[in-house]
file model-v5.cif (mmCIF, C-alpha atoms and all ligand atoms)
data_data
loop_
_atom_site.group_PDB
_atom_site.id
_atom_site.type_symbol
_atom_site.label_atom_id
_atom_site.label_comp_id
_atom_site.auth_asym_id
_atom_site.auth_seq_id
_atom_site.Cartn_x
_atom_site.Cartn_y
_atom_site.Cartn_z
ATOM 1 C CA MET Y 18 -45.337 11.143 0.733
ATOM 2 C CA GLY Y 19 -42.609 8.508 1.035
ATOM 3 C CA SER Y 20 -39.299 8.563 -0.804
ATOM 4 C CA GLN Y 21 -40.188 11.326 -3.289
ATOM 5 C CA TRP Y 22 -40.921 13.676 -0.400
ATOM 6 C CA SER Y 23 -37.702 12.694 1.414
ATOM 7 C CA LYS Y 24 -35.720 13.159 -1.796
ATOM 8 C CA ASP Y 25 -37.077 16.653 -2.306
ATOM 9 C CA LYS Y 26 -36.623 17.521 1.344
ATOM 10 C CA ALA Y 27 -32.966 16.431 1.284
ATOM 11 C CA TYR Y 28 -32.386 18.302 -1.962
ATOM 12 C CA VAL Y 29 -33.950 21.521 -0.676
ATOM 13 C CA GLN Y 30 -32.038 21.218 2.600
ATOM 14 C CA ALA Y 31 -28.737 20.764 0.735
ATOM 15 C CA LYS Y 32 -29.398 23.707 -1.581
ATOM 16 C CA LYS Y 33 -30.420 25.925 1.332
ATOM 17 C CA SER Y 34 -27.095 25.164 3.002
ATOM 18 C CA GLY Y 35 -25.260 26.184 -0.169
ATOM 19 C CA TYR Y 36 -24.257 22.658 -1.246
ATOM 20 C CA ARG Y 37 -24.361 21.643 -4.883
ATOM 21 C CA SER Y 38 -26.218 18.395 -4.334
ATOM 22 C CA ARG Y 39 -27.931 16.248 -1.728
ATOM 23 C CA ALA Y 40 -24.809 14.022 -1.702
ATOM 24 C CA ALA Y 41 -23.317 16.599 0.688
ATOM 25 C CA LEU Y 42 -25.768 15.568 3.393
ATOM 26 C CA LYS Y 43 -24.882 11.931 2.854
ATOM 27 C CA LEU Y 44 -21.171 12.600 3.383
ATOM 28 C CA LYS Y 45 -21.972 14.652 6.490
ATOM 29 C CA GLU Y 46 -23.981 11.749 7.872
ATOM 30 C CA ILE Y 47 -21.223 9.239 7.030
ATOM 31 C CA LEU Y 48 -18.568 11.394 8.705
ATOM 32 C CA LYS Y 49 -20.690 12.012 11.778
ATOM 33 C CA LYS Y 50 -20.926 8.250 12.336
ATOM 34 C CA ASN Y 51 -17.399 7.526 11.063
ATOM 35 C CA PRO Y 52 -15.101 10.461 11.862
ATOM 36 C CA VAL Y 53 -12.180 9.524 9.628
ATOM 37 C CA ILE Y 54 -11.121 12.987 8.414
ATOM 38 C CA ARG Y 55 -8.452 14.690 10.524
ATOM 39 C CA PRO Y 56 -8.221 18.521 10.609
ATOM 40 C CA ASP Y 57 -5.112 18.769 8.415
ATOM 41 C CA ASP Y 58 -5.585 15.723 6.186
ATOM 42 C CA ASN Y 59 -4.871 15.979 2.462
ATOM 43 C CA ILE Y 60 -7.868 14.361 0.781
ATOM 44 C CA LEU Y 61 -8.306 13.014 -2.725
ATOM 45 C CA ASP Y 62 -11.915 12.851 -4.012
ATOM 46 C CA LEU Y 63 -12.452 10.388 -6.881
ATOM 47 C CA GLY Y 64 -15.595 11.025 -8.940
ATOM 48 C CA ALA Y 65 -16.099 14.458 -7.395
ATOM 49 C CA ALA Y 66 -18.519 16.354 -9.697
ATOM 50 C CA PRO Y 67 -20.528 18.478 -9.139
ATOM 51 C CA GLY Y 68 -18.421 19.028 -6.009
ATOM 52 C CA SER Y 69 -20.637 18.861 -2.943
ATOM 53 C CA TRP Y 70 -18.363 16.371 -1.147
ATOM 54 C CA LEU Y 71 -15.475 18.743 -1.813
ATOM 55 C CA GLN Y 72 -17.514 21.563 -0.250
ATOM 56 C CA VAL Y 73 -18.085 19.476 2.885
ATOM 57 C CA LEU Y 74 -14.445 18.361 3.011
ATOM 58 C CA ARG Y 75 -13.263 21.977 2.720
ATOM 59 C CA GLU Y 76 -15.110 22.660 5.977
ATOM 60 C CA MET Y 77 -13.440 19.717 7.710
ATOM 61 C CA THR Y 78 -9.769 19.962 6.865
ATOM 62 C CA ASP Y 79 -7.167 22.652 6.192
ATOM 63 C CA GLY Y 80 -5.159 20.174 4.122
ATOM 64 C CA ILE Y 81 -4.802 19.949 0.347
ATOM 65 C CA LEU Y 82 -8.011 18.941 -1.446
ATOM 66 C CA VAL Y 83 -8.005 17.521 -4.953
ATOM 67 C CA GLY Y 84 -11.093 16.333 -6.829
ATOM 68 C CA VAL Y 85 -11.070 14.298 -10.045
ATOM 69 C CA ASP Y 86 -14.004 13.741 -12.384
ATOM 70 C CA LEU Y 87 -14.734 12.975 -16.015
ATOM 71 C CA ASN Y 88 -16.873 16.121 -15.926
ATOM 72 C CA PRO Y 89 -15.710 19.636 -15.084
ATOM 73 C CA ILE Y 90 -16.360 20.957 -11.564
ATOM 74 C CA ASN Y 91 -17.190 24.611 -11.043
ATOM 75 C CA PRO Y 92 -14.442 26.239 -8.967
ATOM 76 C CA ILE Y 93 -14.477 25.863 -5.177
ATOM 77 C CA PRO Y 94 -12.139 28.180 -3.249
ATOM 78 C CA GLY Y 95 -9.111 26.296 -1.938
ATOM 79 C CA VAL Y 96 -9.770 23.163 -3.979
ATOM 80 C CA THR Y 97 -7.938 21.894 -7.072
ATOM 81 C CA THR Y 98 -9.935 19.916 -9.590
ATOM 82 C CA ILE Y 99 -8.785 17.752 -12.478
ATOM 83 C CA ILE Y 100 -10.893 16.673 -15.442
ATOM 84 C CA GLY Y 101 -10.213 13.080 -16.423
ATOM 85 C CA ASP Y 102 -10.476 9.392 -15.633
ATOM 86 C CA PHE Y 103 -8.961 8.686 -12.225
ATOM 87 C CA SER Y 104 -7.488 5.404 -13.425
ATOM 88 C CA ASP Y 105 -5.471 7.154 -16.159
ATOM 89 C CA PRO Y 106 -1.717 7.149 -15.313
ATOM 90 C CA VAL Y 107 -1.420 10.753 -16.574
ATOM 91 C CA ILE Y 108 -4.070 11.836 -14.060
ATOM 92 C CA ILE Y 109 -2.345 9.874 -11.291
ATOM 93 C CA ALA Y 110 0.933 11.625 -12.113
ATOM 94 C CA ARG Y 111 -0.851 15.011 -11.907
ATOM 95 C CA ILE Y 112 -2.310 14.099 -8.488
ATOM 96 C CA ARG Y 113 1.186 13.207 -7.268
ATOM 97 C CA GLU Y 114 2.418 16.640 -8.348
ATOM 98 C CA LEU Y 115 -0.380 18.352 -6.437
ATOM 99 C CA MET Y 116 -0.303 16.216 -3.293
ATOM 100 C CA PRO Y 117 3.004 15.447 -1.565
ATOM 101 C CA GLU Y 118 1.081 12.915 0.506
ATOM 102 C CA VAL Y 119 -2.494 11.632 0.496
ATOM 103 C CA ASN Y 120 -3.952 11.004 3.962
ATOM 104 C CA GLY Y 121 -7.450 10.118 2.842
ATOM 105 C CA VAL Y 122 -9.319 9.017 -0.275
ATOM 106 C CA VAL Y 123 -13.051 9.401 -0.770
ATOM 107 C CA CYS Y 124 -14.830 7.906 -3.760
ATOM 108 C CA ASP Y 125 -18.489 8.465 -4.603
ATOM 109 C CA ALA Y 126 -17.984 7.546 -8.267
ATOM 110 C CA SER Y 127 -20.653 5.626 -10.109
ATOM 111 C CA PRO Y 128 -20.763 4.500 -13.726
ATOM 112 C CA LYS Y 129 -23.515 5.702 -16.063
ATOM 113 C CA LEU Y 130 -26.373 3.272 -15.539
ATOM 114 C CA SER Y 131 -27.751 1.250 -18.449
ATOM 115 C CA GLY Y 132 -30.729 -0.085 -16.507
ATOM 116 C CA GLN Y 133 -29.509 -3.649 -17.048
ATOM 117 C CA ARG Y 134 -28.974 -4.714 -13.456
ATOM 118 C CA SER Y 135 -26.178 -7.302 -13.618
ATOM 119 C CA TYR Y 136 -24.255 -5.302 -16.236
ATOM 120 C CA ASP Y 137 -24.465 -2.141 -14.102
ATOM 121 C CA GLN Y 138 -23.382 -4.090 -11.011
ATOM 122 C CA ALA Y 139 -20.329 -5.481 -12.841
ATOM 123 C CA ARG Y 140 -19.349 -1.994 -14.013
ATOM 124 C CA ALA Y 141 -19.787 -0.554 -10.530
ATOM 125 C CA ILE Y 142 -17.512 -3.199 -9.007
ATOM 126 C CA ASP Y 143 -15.010 -2.646 -11.804
ATOM 127 C CA LEU Y 144 -14.980 1.074 -10.991
ATOM 128 C CA ASN Y 145 -14.531 0.214 -7.309
ATOM 129 C CA GLN Y 146 -11.515 -1.883 -8.212
ATOM 130 C CA GLN Y 147 -10.014 0.981 -10.186
ATOM 131 C CA ALA Y 148 -10.527 3.302 -7.214
ATOM 132 C CA LEU Y 149 -8.902 0.741 -4.912
ATOM 133 C CA ARG Y 150 -5.893 0.544 -7.252
ATOM 134 C CA VAL Y 151 -5.517 4.337 -7.188
ATOM 135 C CA THR Y 152 -5.794 4.210 -3.397
ATOM 136 C CA GLN Y 153 -3.128 1.490 -3.162
ATOM 137 C CA THR Y 154 -0.856 3.641 -5.333
ATOM 138 C CA LEU Y 155 -1.319 6.995 -3.603
ATOM 139 C CA LEU Y 156 -2.580 6.604 -0.043
ATOM 140 C CA LYS Y 157 -0.100 7.077 2.758
ATOM 141 C CA ARG Y 158 0.309 4.280 5.270
ATOM 142 C CA GLY Y 159 -2.233 4.791 8.084
ATOM 143 C CA GLY Y 160 -4.615 6.708 5.777
ATOM 144 C CA ASN Y 161 -8.358 6.159 5.447
ATOM 145 C CA LEU Y 162 -10.795 5.439 2.624
ATOM 146 C CA ILE Y 163 -14.534 6.052 2.164
ATOM 147 C CA LEU Y 164 -15.820 4.352 -0.950
ATOM 148 C CA LYS Y 165 -19.279 3.922 -2.416
ATOM 149 C CA SER Y 166 -20.059 0.412 -3.561
ATOM 150 C CA PHE Y 167 -23.212 -1.499 -4.442
ATOM 151 C CA GLN Y 168 -24.465 -4.694 -2.833
ATOM 152 C CA GLY Y 169 -24.928 -7.527 -5.294
ATOM 153 C CA GLU Y 170 -22.728 -9.844 -7.300
ATOM 154 C CA ASP Y 171 -19.029 -9.586 -6.374
ATOM 155 C CA PHE Y 172 -19.648 -7.092 -3.558
ATOM 156 C CA SER Y 173 -18.365 -9.562 -0.917
ATOM 157 C CA TRP Y 174 -15.386 -10.406 -3.071
ATOM 158 C CA PHE Y 175 -14.522 -6.713 -3.437
ATOM 159 C CA TYR Y 176 -15.094 -6.061 0.271
ATOM 160 C CA ASN Y 177 -12.564 -8.792 1.068
ATOM 161 C CA GLN Y 178 -10.056 -7.138 -1.281
ATOM 162 C CA VAL Y 179 -10.364 -3.915 0.713
ATOM 163 C CA LYS Y 180 -9.946 -5.870 3.955
ATOM 164 C CA MET Y 181 -6.538 -7.047 2.797
ATOM 165 C CA ASP Y 182 -5.295 -3.456 2.573
ATOM 166 C CA PHE Y 183 -6.643 -1.886 5.783
ATOM 167 C CA TYR Y 184 -6.503 -2.792 9.471
ATOM 168 C CA SER Y 185 -10.170 -1.896 10.013
ATOM 169 C CA VAL Y 186 -12.974 -2.140 7.445
ATOM 170 C CA LYS Y 187 -16.747 -1.927 7.789
ATOM 171 C CA THR Y 188 -19.821 -1.098 5.758
ATOM 172 C CA TYR Y 189 -22.191 1.798 6.331
ATOM 173 C CA LYS Y 190 -25.634 2.225 4.822
ATOM 174 C CA ALA Y 191 -26.496 5.914 4.816
ATOM 175 C CA GLN Y 192 -29.974 6.727 6.122
ATOM 176 C CA SER Y 193 -30.296 9.331 3.393
ATOM 177 C CA THR Y 194 -29.823 6.647 0.696
ATOM 178 C CA ARG Y 195 -32.839 6.382 -1.610
ATOM 179 C CA LYS Y 196 -35.274 3.589 -0.762
ATOM 180 C CA GLY Y 197 -34.500 0.347 -2.614
ATOM 181 C CA SER Y 198 -30.956 1.418 -3.527
ATOM 182 C CA THR Y 199 -28.200 -1.186 -3.123
ATOM 183 C CA GLU Y 200 -25.702 1.591 -2.414
ATOM 184 C CA MET Y 201 -23.358 0.764 0.449
ATOM 185 C CA TYR Y 202 -20.355 2.713 1.720
ATOM 186 C CA ILE Y 203 -17.150 0.971 2.706
ATOM 187 C CA ILE Y 204 -15.274 2.694 5.510
ATOM 188 C CA ALA Y 205 -11.668 1.517 5.627
ATOM 189 C CA LYS Y 206 -9.302 2.805 8.273
ATOM 190 C CA ASN Y 207 -5.555 2.601 8.730
ATOM 191 C CA PHE Y 208 -4.073 1.639 5.357
ATOM 192 C CA ILE Y 209 -1.486 -1.094 5.692
ATOM 193 C CA GLY Y 210 0.523 0.197 2.717
ATOM 194 C CA ASN Y 211 3.618 -1.191 1.139
ATOM 195 C CA GLU Y 212 6.359 0.950 2.617
ATOM 196 C CA PRO Y 213 8.334 -0.427 5.549
ATOM 197 C CA ASP Y 214 7.309 0.909 8.954
ATOM 198 C CA PRO Y 215 10.146 3.248 10.131
ATOM 199 C CA GLU Y 216 9.377 2.407 13.766
ATOM 200 C CA GLU Y 217 9.904 -1.301 13.082
ATOM 201 C CA ASN Y 218 13.333 -0.476 11.631
ATOM 202 C CA GLN Y 219 14.198 1.602 14.666
ATOM 203 C CA ALA Y 220 13.184 -1.251 16.955
ATOM 204 C CA ASP Y 221 15.674 -3.650 15.335
ATOM 205 C CA GLY Y 222 18.383 -0.987 15.222
ATOM 206 C CA SER Y 223 18.522 -0.821 11.427
ATOM 207 C CA ALA Y 224 17.346 2.820 11.087
HETATM 208 C C1 LIG D 301 -22.640 10.566 -7.800
HETATM 209 S S1 LIG D 301 -21.519 11.540 -8.698
HETATM 210 C C2 LIG D 301 -20.473 12.170 -7.426
HETATM 211 C C3 LIG D 301 -21.120 13.228 -6.586
HETATM 212 C C4 LIG D 301 -20.123 13.971 -5.725
HETATM 213 N N1 LIG D 301 -19.678 13.118 -4.618
HETATM 214 C C5 LIG D 301 -20.705 15.227 -5.135
HETATM 215 O O1 LIG D 301 -20.933 15.255 -3.946
HETATM 216 O O2 LIG D 301 -20.911 16.202 -5.846
HETATM 217 C C6 LIG D 301 -20.498 10.326 -9.471
HETATM 218 C C7 LIG D 301 -19.421 10.904 -10.357
HETATM 219 O O3 LIG D 301 -18.477 9.868 -10.674
HETATM 220 C C8 LIG D 301 -17.850 10.280 -11.882
HETATM 221 N N2 LIG D 301 -17.030 9.198 -12.453
HETATM 222 C C9 LIG D 301 -17.438 7.949 -12.825
HETATM 223 N N3 LIG D 301 -16.399 7.249 -13.310
HETATM 224 C C10 LIG D 301 -15.294 8.046 -13.222
HETATM 225 C C11 LIG D 301 -13.918 7.880 -13.573
HETATM 226 N N4 LIG D 301 -13.446 6.719 -14.079
HETATM 227 N N5 LIG D 301 -13.064 8.908 -13.379
HETATM 228 C C12 LIG D 301 -13.521 10.082 -12.869
HETATM 229 N N6 LIG D 301 -14.817 10.297 -12.504
HETATM 230 C C13 LIG D 301 -15.701 9.297 -12.685
HETATM 231 C C14 LIG D 301 -19.025 10.711 -12.741
HETATM 232 O O4 LIG D 301 -18.606 11.539 -13.800
HETATM 233 C C15 LIG D 301 -19.906 11.437 -11.711
HETATM 234 O O5 LIG D 301 -19.713 12.830 -11.761
#

call {"tool": "encode", "arguments": {"input": "model-v5.cif", "output": "structure tokens", "more": "lines below"}}
Ligand SMILES: C[S@@+](CC[C@H](N)C(=O)[O-])C[C@H]1O[C@@H](n2cnc3c(N)ncnc32)[C@H](O)[C@@H]1O
result
Amino acid sequence: MGSQWSKDKAYVQAKKSGYRSRAALKLKEILKKNPVIRPDDNILDLGAAPGSWLQVLREMTDGILVGVDLNPINPIPGVTTIIGDFSDPVIIARIRELMPEVNGVVCDASPKLSGQRSYDQARAIDLNQQALRVTQTLLKRGGNLILKSFQGEDFSWFYNQVKMDFYSVKTYKAQSTRKGSTEMYIIAKNFIGNEPDPEENQADGSA
């Protein structure tokens, strides 16, 4: 029994529900515990293939949904997908065209694993940093972020970087995570952003 059984069970359950992968159940669990998606939020999904998070998100918001991945994503009604590297400025420009504002970013991206632990950890944190940069560029003030990271070297450092950008940040270990995995989700709420707060301007009479 053990993890192999749970893995198969989760996979079968996801497929039965029409989702493309077991990752769908993980996002559902995360959102049940951390309800950060509002019913009309525009959400950007970084590292979205094969698309099961997009399927779940489509059920949760009527807003614009855009998914980006290095690999193609089979069409999902009401969702726009882009093939490419999310850190590429051309891709960022395309996202801007598609989304007048981004209210939430989700990122389940992971690099291809080499099996060499410290190398893989460094690449994962590097990818996290790239996702954070995209978030800093596109997310609207007050928006939320769900991002997959991995515990290990530089995790705390990266976590503190996220804390500088959001009013509320915490970690969440999904119960459906495979046994022994260092995977850890960062749930960041209320993006501080760079734009001036219009209400602050009003308060001092300058707006
Ligand atoms: C675990 S899968 C995502 C699963 C997805 N959340 C779902 O539910 O179907 C991780 C994805 O991250 C993508 N990825 C990794 N680095 C990327 C990058 N720089 N730009 C775009 N996608 C990337 C990979 O191609 C892979 O498809």

call {"tool": "closest_residue", "arguments": {"input": "model-v5.cif", "among": "Y:Arg150, Y:Ser135, Y:Val186, Y:Gly210", "to": "Gly169 (chain Y)", "atoms": "all atoms listed in the file"}}
result
Y:Ser135

call {"tool": "atom_distance", "arguments": {"input": "model-v5.cif", "atom1": "atom C15 of ligand LIG 301 (chain D)", "atom2": "CA of Ile112 (chain Y)"}}
result
18.1 Å

call {"tool": "residues_near_ligand", "arguments": {"input": "model-v5.cif", "ligand": "ligand LIG 301 (chain D)", "cutoff": "7 Å", "atoms": "all atoms listed in the file", "output": "ChimeraX atom specification"}}
result
/Y:37-38,40-41,63-71,85-88,101-104,125-128,144

call {"tool": "residues_around", "arguments": {"input": "model-v5.cif", "residues": "Val179 (chain Y)", "least_positions_apart": "6", "cutoff": "12 Å", "atoms": "only C-alpha atoms", "output": "list of chain:residue names"}}
result
Y:Asn145, Y:Gln146, Y:Gln147, Y:Ala148, Y:Leu149, Y:Arg150, Y:Thr152, Y:Gln153, Y:Asn161, Y:Leu162, Y:Ile163, Y:Leu164, Y:Ser166, Y:Phe172, Y:Ser173, Y:Ser185, Y:Val186, Y:Lys187, Y:Thr188, Y:Ile203, Y:Ile204, Y:Ala205, Y:Lys206, Y:Asn207, Y:Phe208, Y:Ile209, Y:Gly210

call {"tool": "atom_distance", "arguments": {"input": "model-v5.cif", "atom1": "CA of Met181 (chain Y)", "atom2": "CA of Val123 (chain Y)"}}
result
18.0 Å

call {"tool": "closest_residue", "arguments": {"input": "model-v5.cif", "among": "Y:Ile47, Y:Asn120, Y:Arg111, Y:Gln138", "to": "Gly80 (chain Y)", "atoms": "all atoms listed in the file"}}
result
Y:Asn120
